[in-house]
$ cat protein.pdb   # PDB, C-alpha atoms
MODEL        1
ATOM      1  CA  MET E  63       5.504  18.293  -5.969
ATOM      2  CA  GLY E  64       7.283  16.515  -3.094
ATOM      3  CA  TYR E  65       4.230  14.362  -2.405
ATOM      4  CA  ILE E  66       4.176  13.107  -5.987
ATOM      5  CA  ALA E  67       7.875  12.222  -5.625
ATOM      6  CA  VAL E  68       7.047  10.171  -2.495
ATOM      7  CA  ILE E  69       4.305   8.282  -4.351
ATOM      8  CA  LEU E  70       6.498   7.631  -7.400
ATOM      9  CA  GLY E  71       9.514   6.757  -5.229
ATOM     10  CA  ILE E  72       7.562   4.102  -3.348
ATOM     11  CA  PHE E  73       5.960   2.724  -6.499
ATOM     12  CA  PHE E  74       9.109   2.497  -8.629
ATOM     13  CA  GLY E  75      11.343   1.545  -5.699
ATOM     14  CA  GLU E  76       9.060  -1.355  -4.836
ATOM     15  CA  LEU E  77       8.765  -2.351  -8.503
ATOM     16  CA  TRP E  78      12.562  -2.546  -8.695
ATOM     17  CA  ILE E  79      12.855  -4.528  -5.438
ATOM     18  CA  LYS E  80      10.029  -6.925  -6.347
ATOM     19  CA  ASN E  81      11.496  -7.538  -9.808
ATOM     20  CA  ARG E  82      14.886  -8.323  -8.229
ATOM     21  CA  ILE E  83      13.283 -10.646  -5.673
ATOM     22  CA  GLU E  84      11.389 -12.435  -8.449
ATOM     23  CA  ALA E  85      14.471 -12.769 -10.660
ATOM     24  CA  LYS E  86      16.783 -13.896  -7.864
ATOM     25  CA  GLU E  87      14.388 -16.444  -6.393
ATOM     26  CA  LYS E  88      12.955 -17.645  -9.718
ATOM     27  CA  SER E  89      14.124 -21.218  -9.370
ATOM     28  CA  GLU E  90      12.323 -21.840  -6.080
ATOM     29  CA  PRO E  91       8.606 -22.188  -5.321
ATOM     30  CA  ALA E  92       7.058 -19.002  -3.971
ATOM     31  CA  GLN E  93       3.960 -20.168  -2.135
ATOM     32  CA  SER E  94       5.439 -21.722   0.995
ATOM     33  CA  GLY E  95       7.369 -18.639   2.063
ATOM     34  CA  LYS E  96       9.754 -20.977   3.919
ATOM     35  CA  GLN E  97      12.299 -21.471   1.181
ATOM     36  CA  ASN E  98      15.757 -20.014   1.285
ATOM     37  CA  ALA E  99      15.160 -17.379   3.980
ATOM     38  CA  ARG E 100      18.224 -15.182   4.258
ATOM     39  CA  LYS E 101      19.157 -12.292   6.509
ATOM     40  CA  LEU E 102      18.724  -8.808   5.080
ATOM     41  CA  CYS E 103      22.161  -7.162   4.809
ATOM     42  CA  GLY E 104      23.433  -9.188   7.758
ATOM     43  CA  SER E 105      20.631  -7.900  10.000
ATOM     44  CA  ASN E 106      19.340 -10.315  12.610
ATOM     45  CA  LEU E 107      15.905  -8.662  12.602
ATOM     46  CA  PHE E 108      14.736  -9.105   8.990
ATOM     47  CA  LEU E 109      14.630 -12.166   6.745
ATOM     48  CA  VAL E 110      14.193 -11.994   2.974
ATOM     49  CA  ARG E 111      12.021 -14.680   1.409
ATOM     50  CA  ARG E 112       9.724 -14.518  -1.570
ATOM     51  CA  TYR E 113       6.006 -15.162  -1.191
ATOM     52  CA  HIS E 114       3.258 -14.762  -3.803
ATOM     53  CA  ASN E 115       0.255 -13.406  -1.925
ATOM     54  CA  THR E 116      -2.917 -13.885  -3.989
ATOM     55  CA  GLY E 117      -5.054 -12.342  -1.246
ATOM     56  CA  ALA E 118      -4.942  -9.153   0.769
ATOM     57  CA  MET E 119      -3.026  -8.470   3.984
ATOM     58  CA  LEU E 120      -2.143 -11.694   5.832
ATOM     59  CA  SER E 121      -3.480 -13.609   2.799
ATOM     60  CA  LEU E 122      -7.086 -12.701   3.640
ATOM     61  CA  GLY E 123      -9.406 -13.333   0.701
ATOM     62  CA  LYS E 124      -6.909 -15.668  -0.948
ATOM     63  CA  LYS E 125      -9.720 -17.643  -2.553
ATOM     64  CA  ARG E 126     -11.588 -14.493  -3.659
ATOM     65  CA  ARG E 127      -8.918 -12.898  -5.819
ATOM     66  CA  LEU E 128     -11.333 -10.950  -8.040
ATOM     67  CA  LEU E 129     -12.968  -9.363  -4.993
ATOM     68  CA  VAL E 130      -9.551  -8.446  -3.550
ATOM     69  CA  VAL E 131      -8.481  -6.875  -6.871
ATOM     70  CA  THR E 132     -11.743  -4.933  -7.161
ATOM     71  CA  ILE E 133     -11.485  -3.595  -3.617
ATOM     72  CA  SER E 134      -7.840  -2.694  -4.207
ATOM     73  CA  VAL E 135      -8.649  -0.703  -7.365
ATOM     74  CA  ILE E 136     -11.594   1.087  -5.701
ATOM     75  CA  PHE E 137      -9.542   1.851  -2.592
ATOM     76  CA  SER E 138      -6.713   3.276  -4.740
ATOM     77  CA  ALA E 139      -9.168   5.443  -6.691
ATOM     78  CA  LEU E 140     -10.780   6.798  -3.517
ATOM     79  CA  LEU E 141      -7.382   7.553  -1.987
ATOM     80  CA  THR E 142      -6.344   9.340  -5.175
ATOM     81  CA  ALA E 143      -9.482  11.494  -5.021
ATOM     82  CA  ALA E 144      -8.882  12.304  -1.338
ATOM     83  CA  PHE E 145      -5.246  13.161  -2.062
ATOM     84  CA  LEU E 146      -6.121  15.429  -4.998
ATOM     85  CA  PHE E 147      -8.807  17.133  -2.917
ATOM     86  CA  SER E 148      -6.289  17.730  -0.098
ATOM     87  CA  LEU E 149      -3.859  19.440  -2.489
ATOM     88  CA  GLY E 150      -6.273  22.346  -2.936
ATOM     89  CA  ARG E 151      -6.248  23.118   0.785
ATOM     90  CA  ARG E 152      -3.713  24.974   2.907
ATOM     91  CA  GLY E 153      -1.849  23.304   5.727
ATOM     92  CA  ASN E 154      -2.379  19.744   6.919
ATOM     93  CA  VAL E 155       0.978  18.390   5.856
ATOM     94  CA  LEU E 156       0.427  15.320   8.049
ATOM     95  CA  LEU E 157      -2.701  14.303   6.126
ATOM     96  CA  ARG E 158      -1.085  14.772   2.711
ATOM     97  CA  THR E 159       2.090  12.950   3.755
ATOM     98  CA  GLY E 160      -0.013  10.050   5.053
ATOM     99  CA  LEU E 161      -2.052   9.951   1.848
ATOM    100  CA  ALA E 162       1.133  10.028  -0.263
ATOM    101  CA  LEU E 163       2.556   7.032   1.650
ATOM    102  CA  LEU E 164      -0.783   5.227   1.397
ATOM    103  CA  LEU E 165      -0.998   5.877  -2.341
ATOM    104  CA  GLY E 166       2.558   4.742  -3.065
ATOM    105  CA  GLY E 167       1.937   1.470  -1.244
ATOM    106  CA  ALA E 168      -1.555   0.980  -2.627
ATOM    107  CA  PHE E 169      -0.476   1.670  -6.222
ATOM    108  CA  SER E 170       2.408  -0.790  -5.900
ATOM    109  CA  ASN E 171       0.315  -3.632  -4.502
ATOM    110  CA  THR E 172      -2.598  -2.928  -6.858
ATOM    111  CA  TYR E 173      -0.211  -2.971  -9.821
ATOM    112  CA  ASP E 174       1.043  -6.374  -8.679
ATOM    113  CA  ARG E 175      -2.507  -7.707  -8.346
ATOM    114  CA  LEU E 176      -3.396  -6.517 -11.847
ATOM    115  CA  LYS E 177      -0.130  -7.347 -13.646
ATOM    116  CA  ARG E 178       1.246 -10.407 -11.834
ATOM    117  CA  GLN E 179      -2.024 -11.787 -10.399
ATOM    118  CA  TYR E 180      -0.397 -11.757  -6.922
ATOM    119  CA  VAL E 181       1.522  -9.385  -4.651
ATOM    120  CA  VAL E 182       5.207 -10.078  -4.131
ATOM    121  CA  ASP E 183       5.900 -10.145  -0.398
ATOM    122  CA  TYR E 184       9.485 -10.620   0.685
ATOM    123  CA  LEU E 185      10.208  -9.527   4.274
ATOM    124  CA  SER E 186       9.597 -11.219   7.606
ATOM    125  CA  LEU E 187      10.783 -10.650  11.135
ATOM    126  CA  ASN E 188      13.428 -12.967  12.513
ATOM    127  CA  VAL E 189      11.836 -13.457  15.941
ATOM    128  CA  LYS E 190      11.200 -16.487  18.142
ATOM    129  CA  ASN E 191       7.398 -16.128  18.026
ATOM    130  CA  LYS E 192       6.396 -18.433  15.142
ATOM    131  CA  SER E 193       3.087 -16.616  14.519
ATOM    132  CA  VAL E 194       4.902 -13.334  13.947
ATOM    133  CA  ARG E 195       7.801 -14.946  12.097
ATOM    134  CA  LYS E 196       5.526 -16.512   9.462
ATOM    135  CA  ILE E 197       4.042 -13.125   8.457
ATOM    136  CA  ILE E 198       5.621 -12.041   5.166
ATOM    137  CA  PHE E 199       5.161  -8.461   3.945
ATOM    138  CA  ASN E 200       6.717  -5.832   1.694
ATOM    139  CA  ILE E 201       7.726  -2.171   1.977
ATOM    140  CA  SER E 202       4.422  -1.103   0.401
ATOM    141  CA  ASP E 203       2.580  -2.735   3.300
ATOM    142  CA  LEU E 204       4.676  -0.725   5.755
ATOM    143  CA  CYS E 205       3.958   2.481   3.796
ATOM    144  CA  ILE E 206       0.227   1.723   3.877
ATOM    145  CA  ILE E 207       0.257   1.208   7.660
ATOM    146  CA  LEU E 208       2.403   4.277   8.370
ATOM    147  CA  GLY E 209       0.410   6.351   5.866
ATOM    148  CA  ALA E 210      -2.903   5.355   7.447
ATOM    149  CA  LEU E 211      -1.624   6.348  10.891
ATOM    150  CA  LEU E 212      -0.315   9.705   9.666
ATOM    151  CA  ALA E 213      -3.444  10.441   7.633
ATOM    152  CA  ALA E 214      -5.689   9.593  10.610
ATOM    153  CA  ALA E 215      -3.590  11.840  12.855
ATOM    154  CA  GLY E 216      -3.809  14.649  10.287
ATOM    155  CA  VAL E 217      -7.589  14.558   9.739
ATOM    156  CA  PRO E 218      -8.999  17.870  11.008
TER     157      PRO E 218
ENDMDL
END

$ encode --input "protein.pdb" --output "C-alpha cells"
Amino acid sequence: MGYIAVILGIFFGELWIKNRIEAKEKSEPAQSGKQNARKLCGSNLFLVRRYHNTGAMLSLGKKRRLLVVTISVIFSALLTAAFLFSLGRRGNVLLRTGLALLLGGAFSNTYDRLKRQYVVDYLSLNVKNKSVRKIIFNISDLCIILGALLAAAGVP
C-alpha cells in the first residue's frame, strides 16, 4: 500500500503546487519562462518561475502536441501494467519504488497535458551557465528521472 501512497502523494502534491503556481502567476505571461523569477524559500540554488510546456521534456515535440499526449498516455499505461505486474512478485523493492516514482510523475504530467493542454513547469537552477539556467522543470520531472534510475537498477 505504501507504493500507492507514493504515487498519490506525487500526483496530488504536484497538482496542489501547480495550481498555486498558476493562481499566483496568473497575471503574467507563461511562455517566456523569464518573468518574475524568484528564489525558492530564500535558496540561492532554485528559482521559481512559471512556464507552460506544450511539448515533452526540454520542450521537445512542442509543435506535435497530439503526438506528445498520445505517447504520454501510452507510456503511463505501460508503466501501470509493469507496476501492477511487479506487485505480484516477491522482493525487488528497488524496482517497485522506481516504478511508483515514475508513475506519480507520469500521471501528473499526463494529467496536465490532457486537462490543461500543457505541463506546468516552475523550477530552474540559479547557476551561471545560461544553458542550464534556462531549463525549467517540475517535481514530477525529477520523480520520473529518479524513478527511471531506481527501476533500471532494480531490474533483475

$ atom_distance --input "protein.pdb" --atom1 "atom CA of E:Glu76" --atom2 "atom CA of E:Ser202"
7.0 Å

$ residues_around --input "protein.pdb" --residues "E:Met119" --least-positions-apart "2" --cutoff "12 Å" --atoms "all atoms listed in the file" --output "PyMOL selection string"
chain E and resi 114-117+121-124+130+134+168+171+180-183+197-200+202-204+206-207

$ atom_distance --input "protein.pdb" --atom1 "atom CA of E:Ser186" --atom2 "atom CA of E:Leu107"
8.4 Å

$ closest_residue --input "protein.pdb" --among "E:Leu176, E:Ala162, E:Leu212, E:Val217" --to "E:Leu70" --atoms "all atoms listed in the file"
E:Ala162

$ atom_distance --input "protein.pdb" --atom1 "atom CA of E:Pro218" --atom2 "atom CA of E:Val155"
11.2 Å

$ closest_residue --input "protein.pdb" --among "E:Ile201, E:Arg175, E:Gly216, E:Gly160" --to "E:Leu129" --atoms "all atoms listed in the file"
E:Arg175

$ resolve_selection --input "protein.pdb" --expression "the PyMOL selection byres ((chain E and resi 156) around 12)" --output "NGL selection string"
:E and (65 or 145 or 148 or 152-155 or 157-163 or 208-218)

$ resolve_selection --input "protein.pdb" --expression "the PyMOL selection byres ((chain E and resi 137) around 12)" --output "list in words"
Leu129, Val130, Val131, Thr132, Ile133, Ser134, Val135, Ile136, Ser138, Ala139, Leu140, Leu141, Thr142, Ala143, Ala144, Leu161, Leu164, Leu165, Gly167, Ala168, Phe169, Asn171, Thr172 and Ile206 of chain E

$ closest_residue --input "protein.pdb" --among "E:Ile66, E:Leu187, E:Arg178, E:Arg111" --to "E:Leu146" --atoms "only C-alpha atoms"
E:Ile66
